[in-house]
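Content type PDB, C-alpha atoms, from the file final.pdb:
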```pdb
ATOM      1  CA  MET P1092       0.000   0.000   0.000
ATOM      2  CA  ILE P1093       1.448   3.347  -1.049
ATOM      3  CA  SER P1094       1.109   6.205   1.386
ATOM      4  CA  ASN P1095      -0.386   9.473   0.197
ATOM      5  CA  GLU P1096       2.894  11.360   0.580
ATOM      6  CA  ALA P1097       4.876   8.806  -1.393
ATOM      7  CA  PHE P1098       2.315   8.899  -4.188
ATOM      8  CA  VAL P1099       2.452  12.696  -4.428
ATOM      9  CA  LEU P1100       6.267  12.681  -4.331
ATOM     10  CA  GLY P1101       6.504  10.044  -7.057
ATOM     11  CA  CYS P1102       4.071  11.842  -9.312
ATOM     12  CA  SER P1103       5.952  15.100  -8.689
ATOM     13  CA  ALA P1104       9.187  13.453  -9.809
ATOM     14  CA  ILE P1105       7.510  12.286 -13.022
ATOM     15  CA  GLY P1106       6.098  15.773 -13.506
ATOM     16  CA  ALA P1107       9.534  17.324 -13.021
ATOM     17  CA  GLY P1108      10.921  15.027 -15.708
ATOM     18  CA  LEU P1109       8.087  15.950 -18.062
ATOM     19  CA  ALA P1110       8.626  19.649 -17.382
ATOM     20  CA  MET P1111      12.200  19.365 -18.613
ATOM     21  CA  ILE P1112      10.889  18.449 -22.096
ATOM     22  CA  ALA P1113      10.776  22.254 -22.358
ATOM     23  CA  GLY P1114      14.522  22.019 -22.962
ATOM     24  CA  ILE P1115      13.959  20.822 -26.542
ATOM     25  CA  GLY P1116      12.628  24.124 -27.844
ATOM     26  CA  PRO P1117      15.441  26.402 -26.665
ATOM     27  CA  GLY P1118      17.974  23.850 -27.904
ATOM     28  CA  ILE P1119      16.590  23.993 -31.427
ATOM     29  CA  GLY P1120      16.215  27.763 -31.273
ATOM     30  CA  GLN P1121      19.735  28.382 -30.014
ATOM     31  CA  GLY P1122      21.100  26.037 -32.667
ATOM     32  CA  ILE P1123      19.315  27.950 -35.418
ATOM     33  CA  ALA P1124      20.601  31.259 -34.029
ATOM     34  CA  ALA P1125      24.168  29.936 -33.828
ATOM     35  CA  GLY P1126      23.982  28.558 -37.388
ATOM     36  CA  HIS P1127      22.783  31.844 -38.794
ATOM     37  CA  GLY P1128      25.426  33.663 -36.763
ATOM     38  CA  ALA P1129      28.123  31.459 -38.287
ATOM     39  CA  ALA P1130      26.724  32.121 -41.766
ATOM     40  CA  ALA P1131      26.712  35.857 -41.092
ATOM     41  CA  VAL P1132      30.344  35.799 -39.935
ATOM     42  CA  GLY P1133      31.242  33.848 -43.077
ATOM     43  CA  ARG P1134      29.590  36.481 -45.247
ATOM     44  CA  ASN P1135      30.988  39.489 -43.395
ATOM     45  CA  PRO P1136      33.959  38.622 -41.142
ATOM     46  CA  GLY P1137      34.516  42.281 -40.270
ATOM     47  CA  ALA P1138      31.277  42.486 -38.249
ATOM     48  CA  ARG P1139      32.210  39.553 -36.030
ATOM     49  CA  GLY P1140      31.858  41.425 -32.720
ATOM     50  CA  ASN P1141      28.406  42.826 -33.470
ATOM     51  CA  ILE P1142      27.154  39.497 -34.783
ATOM     52  CA  MET P1143      28.444  37.710 -31.695
ATOM     53  CA  SER P1144      26.717  40.062 -29.262
ATOM     54  CA  THR P1145      23.433  40.026 -31.201
ATOM     55  CA  MET P1146      23.520  36.242 -31.403
ATOM     56  CA  LEU P1147      24.212  35.811 -27.693
ATOM     57  CA  LEU P1148      21.404  38.218 -26.784
ATOM     58  CA  GLY P1149      18.941  36.352 -29.008
ATOM     59  CA  GLN P1150      20.017  33.005 -27.625
ATOM     60  CA  ALA P1151      19.593  34.236 -24.075
ATOM     61  CA  VAL P1152      16.066  35.405 -24.807
ATOM     62  CA  ALA P1153      15.250  32.114 -26.528
ATOM     63  CA  GLU P1154      16.496  30.282 -23.461
ATOM     64  CA  THR P1155      13.876  31.863 -21.205
ATOM     65  CA  THR P1156      11.098  29.363 -21.993
ATOM     66  CA  GLY P1157      13.404  26.493 -21.156
ATOM     67  CA  LEU P1158      14.224  28.136 -17.862
ATOM     68  CA  TYR P1159      10.526  28.383 -17.006
ATOM     69  CA  GLY P1160      10.349  24.608 -17.396
ATOM     70  CA  PHE P1161      13.447  24.276 -15.230
ATOM     71  CA  ALA P1162      11.915  26.472 -12.531
ATOM     72  CA  VAL P1163       8.764  24.308 -12.523
ATOM     73  CA  ALA P1164      10.870  21.146 -12.221
ATOM     74  CA  ILE P1165      12.921  22.585  -9.353
ATOM     75  CA  ILE P1166       9.795  23.719  -7.499
ATOM     76  CA  LEU P1167       8.214  20.268  -7.908
ATOM     77  CA  LEU P1168      11.342  18.527  -6.641
ATOM     78  CA  PHE P1169      12.541  20.687  -3.768
ATOM     79  CA  ALA P1170       9.782  23.058  -2.680
ATOM     80  CA  ASN P1171       6.768  20.896  -3.422
ATOM     81  CA  PRO P1172       3.571  22.919  -3.028
ATOM     82  CA  LEU P1173       1.373  19.824  -3.444
ATOM     83  CA  LEU P1174       2.515  18.162  -0.221
ATOM     84  CA  GLY P1175       0.914  20.930   1.806
ATOM     85  CA  LYS P1176      -2.477  20.093   0.264
ATOM     86  CA  LEU P1177      -2.591  16.606   1.782
TER      87      LEU P1177
ATOM     88  CA  MET T 455       8.976  17.430   6.777
ATOM     89  CA  SER T 456      12.005  16.276   4.897
ATOM     90  CA  LEU T 457      11.497  18.037   1.582
ATOM     91  CA  GLY T 458      10.191  21.325   2.870
ATOM     92  CA  SER T 459      13.350  23.122   1.872
ATOM     93  CA  ILE T 460      13.268  26.552   0.374
ATOM     94  CA  MET T 461      15.476  26.370  -2.685
ATOM     95  CA  LEU T 462      14.155  29.417  -4.356
ATOM     96  CA  SER T 463      14.689  32.212  -1.932
ATOM     97  CA  SER T 464      16.383  32.932   1.342
ATOM     98  CA  GLY T 465      13.015  32.814   2.865
ATOM     99  CA  VAL T 466      10.898  33.606   5.789
ATOM    100  CA  LEU T 467      10.165  29.928   6.327
ATOM    101  CA  ASN T 468      12.553  27.349   7.653
ATOM    102  CA  PRO T 469      15.281  26.711   5.087
ATOM    103  CA  GLN T 470      17.048  23.395   5.378
ATOM    104  CA  ALA T 471      19.708  21.718   3.354
ATOM    105  CA  VAL T 472      18.264  19.522   0.645
ATOM    106  CA  GLU T 473      18.253  15.982   1.910
ATOM    107  CA  VAL T 474      19.120  13.570  -0.858
ATOM    108  CA  ALA T 475      20.537  10.069  -0.639
ATOM    109  CA  LYS T 476      23.939  11.280   0.520
ATOM    110  CA  ASP T 477      24.373  13.897   3.168
ATOM    111  CA  ASP T 478      27.167  15.821   1.479
ATOM    112  CA  ILE T 479      25.048  17.002  -1.453
ATOM    113  CA  THR T 480      23.968  20.501  -0.550
ATOM    114  CA  PHE T 481      22.884  23.034  -3.091
ATOM    115  CA  GLY T 482      19.954  24.610  -1.327
ATOM    116  CA  VAL T 483      19.931  27.792   0.672
ATOM    117  CA  ASP T 484      21.116  26.904   4.168
ATOM    118  CA  GLY T 485      19.841  28.812   7.149
ATOM    119  CA  LEU T 486      22.668  29.593   9.577
ATOM    120  CA  ILE T 487      21.361  31.955  12.267
ATOM    121  CA  ARG T 488      17.745  32.423  13.279
ATOM    122  CA  TYR T 489      16.384  35.687  14.565
ATOM    123  CA  ASN T 490      13.014  37.264  15.192
ATOM    124  CA  LEU T 491      11.874  40.548  13.724
ATOM    125  CA  PHE T 492       8.441  41.902  14.677
ATOM    126  CA  GLY T 493       7.237  38.406  15.461
ATOM    127  CA  HIS T 494       8.445  36.887  12.173
ATOM    128  CA  GLU T 495      10.987  34.109  12.178
ATOM    129  CA  LEU T 496      13.810  35.052   9.800
ATOM    130  CA  TRP T 497      17.115  33.480   8.890
ATOM    131  CA  ILE T 498      20.631  34.615   8.064
ATOM    132  CA  THR T 499      21.372  32.296   5.149
ATOM    133  CA  THR T 500      24.367  31.351   3.015
ATOM    134  CA  THR T 501      23.120  33.916   0.480
ATOM    135  CA  HIS T 502      23.629  36.734   2.955
ATOM    136  CA  ILE T 503      27.114  35.521   3.829
ATOM    137  CA  SER T 504      28.339  35.261   0.247
ATOM    138  CA  LEU T 505      26.660  38.558  -0.631
ATOM    139  CA  LEU T 506      28.572  40.136   2.259
ATOM    140  CA  VAL T 507      31.857  38.663   1.012
ATOM    141  CA  VAL T 508      31.191  39.948  -2.512
ATOM    142  CA  MET T 509      30.331  43.393  -1.131
ATOM    143  CA  ILE T 510      33.548  43.517   0.890
ATOM    144  CA  VAL T 511      35.613  42.561  -2.163
ATOM    145  CA  ILE T 512      33.953  45.257  -4.284
ATOM    146  CA  ILE T 513      34.356  47.909  -1.559
ATOM    147  CA  VAL T 514      38.058  47.099  -1.069
ATOM    148  CA  PHE T 515      38.607  47.215  -4.835
ATOM    149  CA  ALA T 516      36.774  50.533  -5.066
ATOM    150  CA  VAL T 517      38.750  52.121  -2.222
ATOM    151  CA  ILE T 518      42.086  50.999  -3.692
ATOM    152  CA  ALA T 519      41.048  52.206  -7.146
ATOM    153  CA  ASN T 520      39.981  55.556  -5.717
ATOM    154  CA  ARG T 521      43.355  56.033  -3.948
ATOM    155  CA  CYS T 522      45.166  55.033  -7.121
ATOM    156  CA  ILE T 523      43.227  57.480  -9.280
ATOM    157  CA  LYS T 524      43.706  60.351  -6.828
ATOM    158  CA  LYS T 525      47.456  59.847  -6.732
ATOM    159  CA  ALA T 526      47.734  59.442 -10.500
ATOM    160  CA  ASP T 527      49.972  61.867 -12.384
ATOM    161  CA  PRO T 528      48.249  62.877 -15.649
ATOM    162  CA  TYR T 529      51.597  63.631 -17.329
ATOM    163  CA  LYS T 530      52.954  60.136 -16.902
ATOM    164  CA  VAL T 531      52.079  56.815 -18.504
ATOM    165  CA  PRO T 532      49.562  55.021 -16.230
ATOM    166  CA  GLY T 533      50.719  51.944 -14.348
ATOM    167  CA  LYS T 534      49.315  48.451 -14.604
ATOM    168  CA  PHE T 535      46.481  48.756 -12.078
ATOM    169  CA  LEU T 536      45.497  52.227 -13.239
ATOM    170  CA  ASN T 537      45.402  50.959 -16.813
ATOM    171  CA  LEU T 538      43.033  48.189 -15.755
ATOM    172  CA  ILE T 539      40.676  50.658 -14.057
ATOM    173  CA  GLU T 540      40.743  52.980 -17.060
ATOM    174  CA  TYR T 541      40.001  50.073 -19.380
ATOM    175  CA  LEU T 542      37.061  48.980 -17.187
ATOM    176  CA  VAL T 543      35.521  52.460 -17.050
ATOM    177  CA  GLU T 544      36.093  53.103 -20.746
ATOM    178  CA  SER T 545      34.567  49.817 -21.856
ATOM    179  CA  ILE T 546      31.461  50.366 -19.722
ATOM    180  CA  ASP T 547      31.109  53.920 -21.074
ATOM    181  CA  HIS T 548      31.547  52.598 -24.599
ATOM    182  CA  MET T 549      28.922  49.884 -24.038
ATOM    183  CA  THR T 550      26.302  52.285 -22.703
ATOM    184  CA  LYS T 551      26.987  54.841 -25.437
ATOM    185  CA  ALA T 552      26.709  52.215 -28.169
ATOM    186  CA  ASN T 553      23.412  50.849 -26.863
ATOM    187  CA  MET T 554      21.624  53.889 -25.482
ATOM    188  CA  GLY T 555      22.880  56.618 -27.784
ATOM    189  CA  GLU T 556      25.416  59.408 -27.315
ATOM    190  CA  LYS T 557      22.865  61.682 -25.678
ATOM    191  CA  HIS T 558      21.632  59.522 -22.808
ATOM    192  CA  GLY T 559      24.319  56.855 -22.601
ATOM    193  CA  LEU T 560      26.690  58.379 -20.064
ATOM    194  CA  LYS T 561      23.900  59.104 -17.571
ATOM    195  CA  PHE T 562      23.320  55.384 -17.135
ATOM    196  CA  SER T 563      26.893  54.152 -17.172
ATOM    197  CA  ASN T 564      27.026  54.384 -13.370
ATOM    198  CA  TYR T 565      24.060  52.083 -12.917
ATOM    199  CA  ILE T 566      25.108  49.673 -15.665
ATOM    200  CA  GLY T 567      28.675  49.548 -14.345
ATOM    201  CA  THR T 568      27.507  48.811 -10.806
ATOM    202  CA  LEU T 569      25.150  46.145 -12.094
ATOM    203  CA  PHE T 570      27.844  44.593 -14.276
ATOM    204  CA  ILE T 571      30.555  44.392 -11.628
ATOM    205  CA  SER T 572      28.281  43.169  -8.847
ATOM    206  CA  ILE T 573      26.479  40.490 -10.891
ATOM    207  CA  LEU T 574      29.773  39.305 -12.380
ATOM    208  CA  LEU T 575      31.377  38.900  -8.964
ATOM    209  CA  MET T 576      28.237  37.264  -7.560
ATOM    210  CA  ASN T 577      28.278  34.697 -10.367
ATOM    211  CA  PHE T 578      32.001  34.080  -9.980
ATOM    212  CA  SER T 579      31.657  33.521  -6.229
ATOM    213  CA  GLY T 580      30.697  29.914  -7.009
ATOM    214  CA  LEU T 581      34.346  29.386  -7.950
ATOM    215  CA  PHE T 582      35.426  30.063  -4.371
ATOM    216  CA  GLY T 583      33.158  27.494  -2.788
ATOM    217  CA  MET T 584      30.377  29.886  -1.846
ATOM    218  CA  ARG T 585      26.798  29.512  -3.005
ATOM    219  CA  PRO T 586      26.286  32.207  -5.658
ATOM    220  CA  PRO T 587      23.866  34.848  -4.326
ATOM    221  CA  THR T 588      22.268  35.056  -7.760
ATOM    222  CA  ALA T 589      21.024  31.472  -7.306
ATOM    223  CA  ASP T 590      18.577  32.947  -4.800
ATOM    224  CA  TYR T 591      15.390  34.369  -6.237
ATOM    225  CA  GLY T 592      15.319  37.146  -3.653
ATOM    226  CA  VAL T 593      18.485  38.679  -5.105
ATOM    227  CA  THR T 594      17.627  38.506  -8.801
ATOM    228  CA  LEU T 595      14.061  39.723  -8.277
ATOM    229  CA  ALA T 596      15.390  42.751  -6.409
ATOM    230  CA  LEU T 597      17.814  43.526  -9.244
ATOM    231  CA  ALA T 598      15.054  43.159 -11.836
ATOM    232  CA  LEU T 599      12.680  45.366  -9.848
ATOM    233  CA  ILE T 600      15.272  48.164  -9.790
ATOM    234  CA  THR T 601      15.381  47.937 -13.579
ATOM    235  CA  PHE T 602      11.556  47.865 -13.712
ATOM    236  CA  VAL T 603      11.323  51.078 -11.680
ATOM    237  CA  LEU T 604      13.987  52.719 -13.866
ATOM    238  CA  ILE T 605      12.119  51.750 -17.063
ATOM    239  CA  HIS T 606       8.880  53.344 -15.902
ATOM    240  CA  TYR T 607      10.556  56.377 -14.319
ATOM    241  CA  ASN T 608      12.238  57.135 -17.631
ATOM    242  CA  GLY T 609       9.049  56.310 -19.510
ATOM    243  CA  PHE T 610       7.118  58.969 -17.614
ATOM    244  CA  LYS T 611      10.057  61.367 -17.867
ATOM    245  CA  TYR T 612      10.487  61.211 -21.641
ATOM    246  CA  GLN T 613       7.054  60.217 -22.972
ATOM    247  CA  LYS T 614       4.867  61.891 -20.323
ATOM    248  CA  ALA T 615       1.248  60.747 -20.635
ATOM    249  CA  ALA T 616       1.948  58.783 -23.811
ATOM    250  CA  HIS T 617       3.688  56.198 -21.659
ATOM    251  CA  VAL T 618       0.280  55.222 -20.265
ATOM    252  CA  THR T 619      -1.780  55.711 -23.395
ATOM    253  CA  ASN T 620       0.621  53.511 -25.371
ATOM    254  CA  LEU T 621      -0.740  50.575 -23.408
ATOM    255  CA  PHE T 622      -4.155  51.085 -25.018
ATOM    256  CA  LYS T 623      -2.821  51.694 -28.543
ATOM    257  CA  PRO T 624      -4.462  48.771 -30.331
ATOM    258  CA  LEU T 625      -7.468  48.749 -27.990
ATOM    259  CA  PRO T 626      -8.251  44.999 -28.165
ATOM    260  CA  LEU T 627      -4.648  44.177 -27.226
ATOM    261  CA  THR T 628      -4.702  46.084 -23.919
ATOM    262  CA  PRO T 629      -4.523  43.013 -21.628
ATOM    263  CA  ILE T 630      -1.623  41.584 -23.620
ATOM    264  CA  ASN T 631       0.251  44.900 -23.399
ATOM    265  CA  ILE T 632      -0.209  45.048 -19.639
ATOM    266  CA  ILE T 633       0.888  41.431 -19.185
ATOM    267  CA  GLY T 634       3.889  42.154 -21.396
ATOM    268  CA  GLU T 635       4.917  45.061 -19.186
ATOM    269  CA  LEU T 636       4.580  42.961 -16.039
ATOM    270  CA  ALA T 637       6.442  40.010 -17.571
ATOM    271  CA  THR T 638       9.579  42.107 -18.136
ATOM    272  CA  PRO T 639      10.974  41.950 -14.573
ATOM    273  CA  LEU T 640       9.771  38.362 -14.198
ATOM    274  CA  SER T 641      11.623  37.049 -17.250
ATOM    275  CA  LEU T 642      14.663  39.228 -16.515
ATOM    276  CA  SER T 643      15.009  37.816 -13.001
ATOM    277  CA  LEU T 644      14.088  34.228 -13.861
ATOM    278  CA  ARG T 645      16.680  34.116 -16.650
ATOM    279  CA  LEU T 646      19.596  35.001 -14.377
ATOM    280  CA  PHE T 647      18.223  32.900 -11.506
ATOM    281  CA  GLY T 648      17.572  29.813 -13.642
ATOM    282  CA  ASN T 649      20.971  29.845 -15.327
ATOM    283  CA  ILE T 650      22.970  30.225 -12.139
ATOM    284  CA  LEU T 651      20.752  27.815 -10.184
ATOM    285  CA  SER T 652      21.106  25.126 -12.861
ATOM    286  CA  GLY T 653      24.887  25.474 -12.661
ATOM    287  CA  THR T 654      24.795  25.292  -8.859
ATOM    288  CA  VAL T 655      22.530  22.231  -8.851
ATOM    289  CA  MET T 656      24.683  20.434 -11.378
ATOM    290  CA  MET T 657      27.934  21.209  -9.544
ATOM    291  CA  GLY T 658      26.322  20.099  -6.274
ATOM    292  CA  LEU T 659      25.276  16.783  -7.810
ATOM    293  CA  ILE T 660      28.723  16.221  -9.309
ATOM    294  CA  TYR T 661      30.522  17.005  -6.058
ATOM    295  CA  GLY T 662      28.163  14.793  -4.095
ATOM    296  CA  LEU T 663      27.866  11.765  -6.338
ATOM    297  CA  LEU T 664      31.276  11.184  -7.924
ATOM    298  CA  PRO T 665      34.017   9.303  -6.062
ATOM    299  CA  LYS T 666      36.807  11.401  -4.611
ATOM    300  CA  VAL T 667      39.510  10.386  -7.112
ATOM    301  CA  ILE T 668      37.564  11.540 -10.158
ATOM    302  CA  LEU T 669      36.788  14.828  -8.420
ATOM    303  CA  LEU T 670      40.403  15.900  -9.001
ATOM    304  CA  LEU T 671      39.806  16.086 -12.767
ATOM    305  CA  VAL T 672      36.138  16.456 -13.614
ATOM    306  CA  PRO T 673      34.882  19.646 -11.885
ATOM    307  CA  ALA T 674      37.513  22.054 -13.231
ATOM    308  CA  PRO T 675      36.260  22.278 -16.851
ATOM    309  CA  LEU T 676      32.663  22.277 -15.606
ATOM    310  CA  HIS T 677      33.464  25.222 -13.340
ATOM    311  CA  ILE T 678      34.861  27.022 -16.375
ATOM    312  CA  TYR T 679      31.589  26.486 -18.206
ATOM    313  CA  PHE T 680      28.998  26.924 -15.440
ATOM    314  CA  ASP T 681      30.637  29.643 -13.376
ATOM    315  CA  ILE T 682      32.843  31.641 -15.706
ATOM    316  CA  PHE T 683      31.298  31.289 -19.184
ATOM    317  CA  SER T 684      27.644  31.079 -18.186
ATOM    318  CA  GLY T 685      28.084  33.672 -15.454
ATOM    319  CA  ALA T 686      29.752  36.178 -17.770
ATOM    320  CA  ILE T 687      27.181  35.631 -20.525
ATOM    321  CA  GLN T 688      24.259  36.089 -18.153
ATOM    322  CA  THR T 689      25.827  39.231 -16.676
ATOM    323  CA  TYR T 690      26.224  40.650 -20.173
ATOM    324  CA  VAL T 691      22.678  39.678 -21.117
ATOM    325  CA  PHE T 692      21.180  41.203 -17.970
ATOM    326  CA  CYS T 693      22.988  44.513 -18.535
ATOM    327  CA  MET T 694      22.214  44.467 -22.263
ATOM    328  CA  LEU T 695      18.486  43.868 -21.743
ATOM    329  CA  THR T 696      18.376  46.563 -19.061
ATOM    330  CA  MET T 697      19.925  49.020 -21.509
ATOM    331  CA  VAL T 698      17.596  47.983 -24.336
ATOM    332  CA  PHE T 699      14.454  48.262 -22.196
ATOM    333  CA  ILE T 700      15.446  51.654 -20.791
ATOM    334  CA  SER T 701      16.470  53.086 -24.150
ATOM    335  CA  ASN T 702      13.116  52.009 -25.648
ATOM    336  CA  THR T 703      11.494  54.697 -23.527
ATOM    337  CA  PHE T 704      13.628  57.508 -24.988
ATOM    338  CA  GLU T 705      11.820  57.575 -28.312
ATOM    339  CA  ASP T 706       8.882  59.920 -28.635
ATOM    340  CA  ALA T 707       5.815  57.885 -29.310
TER     341      ALA T 707
END
```
Written as structure tokens, that's how I'd like the structure from this file.
Amino acid sequence: MISNEAFVLGCSAIGAGLAMIAGIGPGIGQGIAAGHGAAAVGRNPGARGNIMSTMLLGQAVAETTGLYGFAVAIILLFANPLLGKL
Amino acid sequence: MSLGSIMLSSGVLNPQAVEVAKDDITFGVDGLIRYNLFGHELWITTTHISLLVVMIVIIVFAVIANRCIKKADPYKVPGKFLNLIEYLVESIDHMTKANMGEKHGLKFSNYIGTLFISILLMNFSGLFGMRPPTADYGVTLALALITFVLIHYNGFKYQKAAHVTNLFKPLPLTPINIIGELATPLSLSLRLFGNILSGTVMMGLIYGLLPKVILLLVPAPLHIYFDIFSGAIQTYVFCMLTMVFISNTFEDA
């Protein structure tokens, strides 16, 4: 027989794993940004500094959605709000 | 309650070390000293300690730099340390001028420089065995709220009433505009917090789970990535986004 707390904790762990699927999107997005940045440097090597900073800024913004998923996973694992509802 | 730890913020509640299978894995905010303030139970946590250390380092650096600049002879070639300070100030001035325009740039170089140096040192403090203060949501939210206040102060200063009426510009989109304004500090703080926290969690797991022999080799390159590279990039991004958001309010709309 599983206790209520163990059930909630187990389901929270599964939920944390599912939340990290959010990492796929930023990965693809950052890859696209880096590829286009490399192409831009190839076309115009003189503007390397500007291209680098623009690319890093765009990648950091694209990363935000992944970090929301990470925050949800961390909350589910270490500061579980559902346990208080039992 | 074993898992009632407060990872996210040096909180009002009882922060405990995260209890995992082994006892030596700690990457949560640890409460060190408990005190009472107006009937609330509060804690001095590891965040406060490392923030204090970072502050002391910055203050000592600033005092030494100030002495050095005061004693400097303008007719001689500057020494090594003076050169470093000049390079730091010039690059921050250059960054603000390039991103916010010649007219307004220098007014904000103080704030951006303070932000840059303090966030950079906070992120690097993970290298010295402290828990980075930026892996605590209380710190990053405070930094983002300062930026939020600055954005709207400058909005009212330069656009006057148009700063409010711009929210209703396409009338059906009003709720989305308001949510967009409120999401700015949230995403700004969560970005810095999430990046540094993920590095801290991963380093904590590696230090706790790997056998001692492997620990001589493995963590060094990971520290380079998580603390130095990621920390520097996130510092740059935070300052850059602050400058972009503030300079958006300069245009007449």
Residues of chain P at most 12 Å from chain T: nearest atom pair and distance in Å, only C-alpha atoms, as a Markdown table:
```
| residue | atom | partner | partner_atom | distance |
| --- | --- | --- | --- | --- |
| P:Glu1096 | CA | T:Met455 | CA | 10.6 |
| P:Ala1097 | CA | T:Leu457 | CA | 11.7 |
| P:Leu1100 | CA | T:Leu457 | CA | 9.5 |
| P:Asn1141 | CA | T:Ala552 | CA | 10.9 |
| P:Met1143 | CA | T:Ile687 | CA | 11.4 |
| P:Ser1144 | CA | T:Val691 | CA | 9.1 |
| P:Thr1145 | CA | T:Met694 | CA | 10.1 |
| P:Met1146 | CA | T:Val691 | CA | 10.9 |
| P:Leu1147 | CA | T:Ile687 | CA | 7.8 |
| P:Leu1148 | CA | T:Val691 | CA | 6.0 |
| P:Gly1149 | CA | T:Val691 | CA | 9.3 |
| P:Gln1150 | CA | T:Val691 | CA | 9.7 |
| P:Ala1151 | CA | T:Val691 | CA | 6.9 |
| P:Val1152 | CA | T:Arg645 | CA | 8.3 |
| P:Ala1153 | CA | T:Arg645 | CA | 10.2 |
| P:Glu1154 | CA | T:Arg645 | CA | 7.8 |
| P:Thr1155 | CA | T:Arg645 | CA | 5.8 |
| P:Thr1156 | CA | T:Ser641 | CA | 9.0 |
| P:Gly1157 | CA | T:Gly648 | CA | 9.2 |
| P:Leu1158 | CA | T:Gly648 | CA | 5.6 |
| P:Tyr1159 | CA | T:Leu644 | CA | 7.5 |
| P:Gly1160 | CA | T:Gly648 | CA | 9.7 |
| P:Phe1161 | CA | T:Gly648 | CA | 7.1 |
| P:Ala1162 | CA | T:Gly648 | CA | 6.7 |
| P:Val1163 | CA | T:Gly648 | CA | 10.4 |
| P:Ala1164 | CA | T:Ser652 | CA | 11.0 |
| P:Ile1165 | CA | T:Met461 | CA | 8.1 |
| P:Ile1166 | CA | T:Leu462 | CA | 7.8 |
| P:Leu1167 | CA | T:Leu457 | CA | 10.3 |
| P:Leu1168 | CA | T:Leu457 | CA | 8.2 |
| P:Phe1169 | CA | T:Leu457 | CA | 6.1 |
| P:Ala1170 | CA | T:Ser459 | CA | 5.8 |
| P:Asn1171 | CA | T:Gly458 | CA | 7.2 |
| P:Pro1172 | CA | T:Gly458 | CA | 9.0 |
| P:Leu1173 | CA | T:Gly458 | CA | 10.9 |
| P:Leu1174 | CA | T:Gly458 | CA | 8.9 |
| P:Gly1175 | CA | T:Gly458 | CA | 9.3 |
```
Please enumerate the residues selected by the PyMOL selection byres ((chain T and resi 698) around 12) when evaluated against the supplied file, formatted as a ChimeraX atom specification.
/P:1148 /T:549-555,559,562,566,601,605,638,691-697,699-705
Counting only C-alpha atoms, the residue of T:Val514, T:Leu663, T:Leu536, T:Val508 that sits nearest Leu575 (chain T):
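Ranking T:Val514, T:Leu663, T:Leu536, T:Val508 by distance to Leu575 (chain T), first place goes to T:Val508.
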Atom-to-atom span, CA of Trp497 (chain T) and CA of Thr594 (chain T), Å
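One can read the CA of Trp497 (chain T) to CA of Thr594 (chain T) distance as 18.4 Å.
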Neighbours of Asn1095 (chain P) within 8 Å (all atoms listed in the file; same-chain residues fewer than 3 positions away dropped), as a list in words?
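Counting only the stated atoms, we get Phe1098, Val1099 and Leu1177 of chain P.
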Translate the PyMOL selection byres ((chain T and resi 593) around 10), as applied to the file shown, into an explicit residue set as a PyMOL selection string.
chain T and resi 463-464+501-502+505+587-592+594-598+643+647
Would you pick out the contacts of region 677-686 of chain T at 9 Å or less, using only C-alpha atoms, so that residues sharing its chain but fewer than 3 positions from it are not included, and give the list as a PyMOL selection string?
chain T and resi 573-581+646+649-650+652-654+656-657+673-674+689-691
